[in-house]
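Trainee: Encoded as structure tokens, here's the structure I'll be asking about.
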Amino acid sequence: MLPSPEPAADASPPTPPPSLMRSLSDPGLLLFRRARAEDAPWLAPLVYASAWEEFQFLLGVKQADCEAFLQTALASRIGHFSWRHHHVAVMGDIPVSVIGVYDGRKGRFDALPLFYQLVRHFGWRHTSGILLRALAMQHAMPAPTRYQTLLAHCATHPEVRGLGLFSALLAQLQQEQRVPARRDQAVILDVLNSNVRAQALYRRLGFAITRERPDEGVPLQLAVKRMQLKAAPRSKA
């Protein structure tokens, strides 16, 4: 196991995002669009909730500090968490569901901006611990290869779960040919072993488990399954 100079915060379930219905005087139509920088205050709680155990382990801080960093990073045009990687379903122009789409051929361009964002927000000393924990997580959740599109930060606001918003958003991205990011790429995602509800949803959407193994570099509760979207059958000419 890789050492961690600074202990991660004690994991505790996230508090809910800001009340959606109080903010929606007129929900209006459900729309799908690319995320924007101004969405960051709404996206930060959603992205955090999508993987709160991983974020607390990786960043080594509690929910408020995690979300503060995510809001800054999501508002940026560059870096791993940039709004440019994310697509949303919106009601009344408020994001209620989100999917991050990562092209395996472009991931290397996000590393340096993310490093500077971490140092600027947390300082050098704390960032050194984050980098060591990131290396450990890399073994459990490898970055996508050039032949893969990774879906990450998948979440829906708790007040509108069960309405099929995530499924509809994913279907829209597939229809627009944004997923996969390239035609020759397989679509993958990672899901915690303990998140059986999400696993069931992904199976219904056509994903199947391709890798499942515990990793000594991360806590047991962060063990994940990697799932891949089954290729659609080719139509006969």
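Within each chain, counting starts at residue 1; across the structure tokens, chains are named A, B, ... in the order shown, with ligands numbered 1 upward in that order.
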As a ChimeraX atom specification, list the residues of range 41-139 of chain A assigned to strand (DSSP E) by DSSP on the backbone atoms of this structure.
Mentor: /A:86-91,94-103
Trainee: In range 124-175 of chain A, what's alpha helix (DSSP H) per DSSP? Answer as a list in words?
Mentor: Trp124, Arg125, His126, Thr127, Ser128, Gly129, Ile130, Leu131, Leu132, Arg133, Ala134, Leu135, Ala136, Met137, Gln138, His139, Ala140, Leu165, Phe166, Ser167, Ala168, Leu169, Leu170, Ala171, Gln172, Leu173, Gln174 and Gln175 of chain A
Trainee: So that I can see what lies close to Arg182 in chain A, please list as JSON, numbers by chain the residues with an atom at most 10 Å from it, counting only C-alpha atoms and leaving out residues fewer than 6 positions away in the same chain.
Mentor: {"A": [103, 104, 105, 146, 147, 148, 149]}
Trainee: Could you build a table of the residues in range 27-110 of chain A lying no more than 9 Å from range 154-159 of chain A, giving for each the nearest pair of atoms and their separation in Å rounded to one decimal place, using only C-alpha atoms, ordered by chain and ascending residue number, as a Markdown table?
Mentor:
| residue | atom | partner | partner_atom | distance |
| --- | --- | --- | --- | --- |
| A:Pro45 | CA | A:His157 | CA | 8.9 |
| A:Leu46 | CA | A:Ala155 | CA | 5.8 |
| A:Val47 | CA | A:Ala155 | CA | 6.6 |
| A:Tyr48 | CA | A:Ala155 | CA | 8.9 |
| A:Ala49 | CA | A:Ala155 | CA | 7.0 |
| A:Ser50 | CA | A:Ala155 | CA | 5.2 |
| A:Ala51 | CA | A:Cys154 | CA | 8.6 |
| A:Ala89 | CA | A:Thr156 | CA | 8.9 |
| A:Pro95 | CA | A:His157 | CA | 8.4 |
| A:Val96 | CA | A:His157 | CA | 5.2 |
| A:Ser97 | CA | A:Thr156 | CA | 4.1 |
| A:Val98 | CA | A:Ala155 | CA | 5.5 |
| A:Ile99 | CA | A:Cys154 | CA | 4.6 |
| A:Gly100 | CA | A:Cys154 | CA | 6.7 |
Trainee: Kindly indicate which residue among A:Val191, A:Tyr116, A:Leu151, A:Arg108 lies nearest to His87 in chain A, using only C-alpha atoms for the distances.
Mentor: A:Leu151
Trainee: Write out as a PyMOL selection string each polymer residue whose atoms come within 8 Å of Val179 in chain A, counting only C-alpha atoms; drop sequence neighbours fewer than 5 positions from it.
Mentor: chain A and resi 101+149+170+173-174+187
Trainee: Export, as a PDB file, in the first residue's frame, the selected residues with N, CA, C and O atoms.
Mentor:
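Result written to selection-v6.pdb:
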ATOM      1  N   VAL A 101     -17.718  12.878 -19.669  1.00  0.00           N
ATOM      2  CA  VAL A 101     -17.296  12.052 -20.801  1.00  0.00           C
ATOM      3  C   VAL A 101     -15.814  12.318 -21.065  1.00  0.00           C
ATOM      4  O   VAL A 101     -15.425  13.459 -21.343  1.00  0.00           O
ATOM      5  N   THR A 149     -13.698   5.299 -24.042  1.00  0.00           N
ATOM      6  CA  THR A 149     -14.341   6.513 -23.542  1.00  0.00           C
ATOM      7  C   THR A 149     -14.826   6.206 -22.135  1.00  0.00           C
ATOM      8  O   THR A 149     -15.594   5.259 -21.935  1.00  0.00           O
ATOM      9  N   LEU A 170     -27.975   9.882 -21.154  1.00  0.00           N
ATOM     10  CA  LEU A 170     -27.031   8.998 -21.838  1.00  0.00           C
ATOM     11  C   LEU A 170     -27.510   8.684 -23.250  1.00  0.00           C
ATOM     12  O   LEU A 170     -26.719   8.709 -24.207  1.00  0.00           O
ATOM     13  N   LEU A 173     -26.762  11.588 -25.496  1.00  0.00           N
ATOM     14  CA  LEU A 173     -25.346  11.673 -25.848  1.00  0.00           C
ATOM     15  C   LEU A 173     -24.982  10.634 -26.909  1.00  0.00           C
ATOM     16  O   LEU A 173     -24.169  10.905 -27.796  1.00  0.00           O
ATOM     17  N   GLN A 174     -25.590   9.473 -26.820  1.00  0.00           N
ATOM     18  CA  GLN A 174     -25.341   8.454 -27.840  1.00  0.00           C
ATOM     19  C   GLN A 174     -25.938   8.873 -29.182  1.00  0.00           C
ATOM     20  O   GLN A 174     -25.325   8.688 -30.232  1.00  0.00           O
ATOM     21  N   VAL A 187     -17.063   2.071 -24.504  1.00  0.00           N
ATOM     22  CA  VAL A 187     -17.562   2.931 -23.429  1.00  0.00           C
ATOM     23  C   VAL A 187     -17.452   2.178 -22.109  1.00  0.00           C
ATOM     24  O   VAL A 187     -17.998   1.079 -21.963  1.00  0.00           O
TER      25      VAL A 187
END
Trainee: Can you tell me, as a ChimeraX atom specification, what residues are no more than 6 Å from Leu189 in chain A when counting only C-alpha atoms, ignoring any on the same chain fewer than 5 positions away?
Mentor: /A:150-151,226-227
Trainee: At a cut-off of 6 Å, can you tabulate as CSV every residue of range 54-125 of chain A near range 29-32 of chain A together with its closest atom pair and the distance in Å to one decimal, using only C-alpha atoms and ordering rows by chain then number?
Mentor:
residue,atom,partner,partner_atom,distance
A:Val88,CA,A:Phe32,CA,5.8
A:Ala89,CA,A:Phe32,CA,4.5
A:Val90,CA,A:Leu31,CA,5.3
A:Met91,CA,A:Leu30,CA,5.1
Trainee: Using only C-alpha atoms, which residues sit within 12 Å of Ser194 in chain A once same-chain residues fewer than 2 positions away are excluded, as a short mmCIF file (atom, residue, chain, number, x, y, z; two decimals) with N, CA, C and O atoms, in the first residue's frame?
Mentor:
data_model
loop_
_atom_site.label_atom_id
_atom_site.label_comp_id
_atom_site.auth_asym_id
_atom_site.auth_seq_id
_atom_site.Cartn_x
_atom_site.Cartn_y
_atom_site.Cartn_z
N ALA A 51 -19.39 10.19 -6.21
CA ALA A 51 -18.25 9.37 -5.76
C ALA A 51 -17.69 9.93 -4.46
O ALA A 51 -16.49 10.13 -4.33
N GLU A 53 -17.15 8.81 -1.47
CA GLU A 53 -16.14 8.05 -0.73
C GLU A 53 -14.76 8.19 -1.39
O GLU A 53 -13.74 8.34 -0.70
N ASP A 190 -16.68 2.98 -13.99
CA ASP A 190 -16.35 2.28 -12.75
C ASP A 190 -17.45 2.51 -11.74
O ASP A 190 -17.98 3.62 -11.62
N VAL A 191 -17.79 1.46 -10.99
CA VAL A 191 -18.84 1.57 -9.98
C VAL A 191 -18.39 0.79 -8.75
O VAL A 191 -17.80 -0.28 -8.85
N LEU A 192 -18.65 1.35 -7.58
CA LEU A 192 -18.26 0.69 -6.34
C LEU A 192 -18.96 -0.66 -6.20
O LEU A 192 -20.13 -0.81 -6.57
N VAL A 196 -24.92 -1.40 -5.40
CA VAL A 196 -25.66 -2.38 -6.19
C VAL A 196 -26.78 -1.72 -6.99
O VAL A 196 -27.15 -2.20 -8.07
N ARG A 197 -27.31 -0.62 -6.49
CA ARG A 197 -28.39 0.06 -7.22
C ARG A 197 -27.87 0.62 -8.55
O ARG A 197 -28.51 0.46 -9.59
N ALA A 198 -26.69 1.25 -8.51
CA ALA A 198 -26.11 1.78 -9.74
C ALA A 198 -25.74 0.65 -10.69
O ALA A 198 -25.93 0.75 -11.90
N GLN A 199 -25.21 -0.44 -10.14
CA GLN A 199 -24.84 -1.58 -10.99
C GLN A 199 -26.06 -2.11 -11.74
O GLN A 199 -25.98 -2.43 -12.93
N ALA A 200 -27.19 -2.19 -11.04
CA ALA A 200 -28.42 -2.68 -11.68
C ALA A 200 -28.85 -1.74 -12.81
O ALA A 200 -29.28 -2.19 -13.87
N LEU A 220 -10.93 -1.01 1.46
CA LEU A 220 -11.82 -2.04 0.92
C LEU A 220 -13.11 -1.45 0.39
O LEU A 220 -13.65 -1.91 -0.63
N GLN A 221 -13.62 -0.38 1.04
CA GLN A 221 -14.89 0.20 0.60
C GLN A 221 -14.79 0.91 -0.74
O GLN A 221 -15.80 1.28 -1.33
N LEU A 222 -13.56 1.08 -1.25
CA LEU A 222 -13.38 1.72 -2.55
C LEU A 222 -13.13 0.71 -3.67
O LEU A 222 -12.81 1.10 -4.79
N ALA A 223 -13.28 -0.58 -3.37
CA ALA A 223 -13.14 -1.60 -4.42
C ALA A 223 -14.23 -1.39 -5.46
O ALA A 223 -15.38 -1.12 -5.13
N VAL A 224 -13.85 -1.49 -6.73
CA VAL A 224 -14.79 -1.17 -7.81
C VAL A 224 -14.90 -2.29 -8.82
O VAL A 224 -14.04 -3.18 -8.91
N LYS A 225 -15.98 -2.23 -9.57
CA LYS A 225 -16.16 -3.05 -10.75
C LYS A 225 -16.01 -2.13 -11.96
O LYS A 225 -16.54 -1.02 -11.96
#
Trainee: May I ask which of the residues A:Tyr202, A:Tyr102, A:Trp83, A:Phe207 is the closest one to Pro144 in chain A, counting only C-alpha atoms?
Mentor: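 Going through A:Tyr202, A:Tyr102, A:Trp83, A:Phe207 one by one, the smallest distance to Pro144 in chain A is for A:Tyr102.
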Trainee: Using only C-alpha atoms, which residue out of A:Ala40, A:Leu58, A:Ile188, A:Ala75 lies closest to Ala152 in chain A?
Mentor: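 Using only C-alpha atoms, the shortest distance to Ala152 in chain A belongs to A:Ile188.
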Trainee: Could you give me, as a ChimeraX atom specification, the residues within 10 Å of Ala37 in chain A, counting only C-alpha atoms and dropping anything in the same chain fewer than 5 positions from it?
Mentor: /A:43,71-77,82-84
Trainee: Given the choices A:Asp110, A:Glu176, A:Asp65, A:Glu212, which gets closest to Arg34 in chain A if the distance is worked out from only C-alpha atoms?
Mentor: A:Glu176
Trainee: Give the answer as one residue: which of A:Ala171, A:Leu59, A:Ala35, A:Leu229 has the shortest atom-to-atom distance to Asp93 in chain A, using only C-alpha atoms?
Mentor: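 Of all the options, A:Ala35 lies closest to Asp93 in chain A.
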Trainee: Between CA of Pro41 in chain A and CA of His126 in chain A, measure the distance and give it in Å to one decimal.
Mentor: 23.9 Å
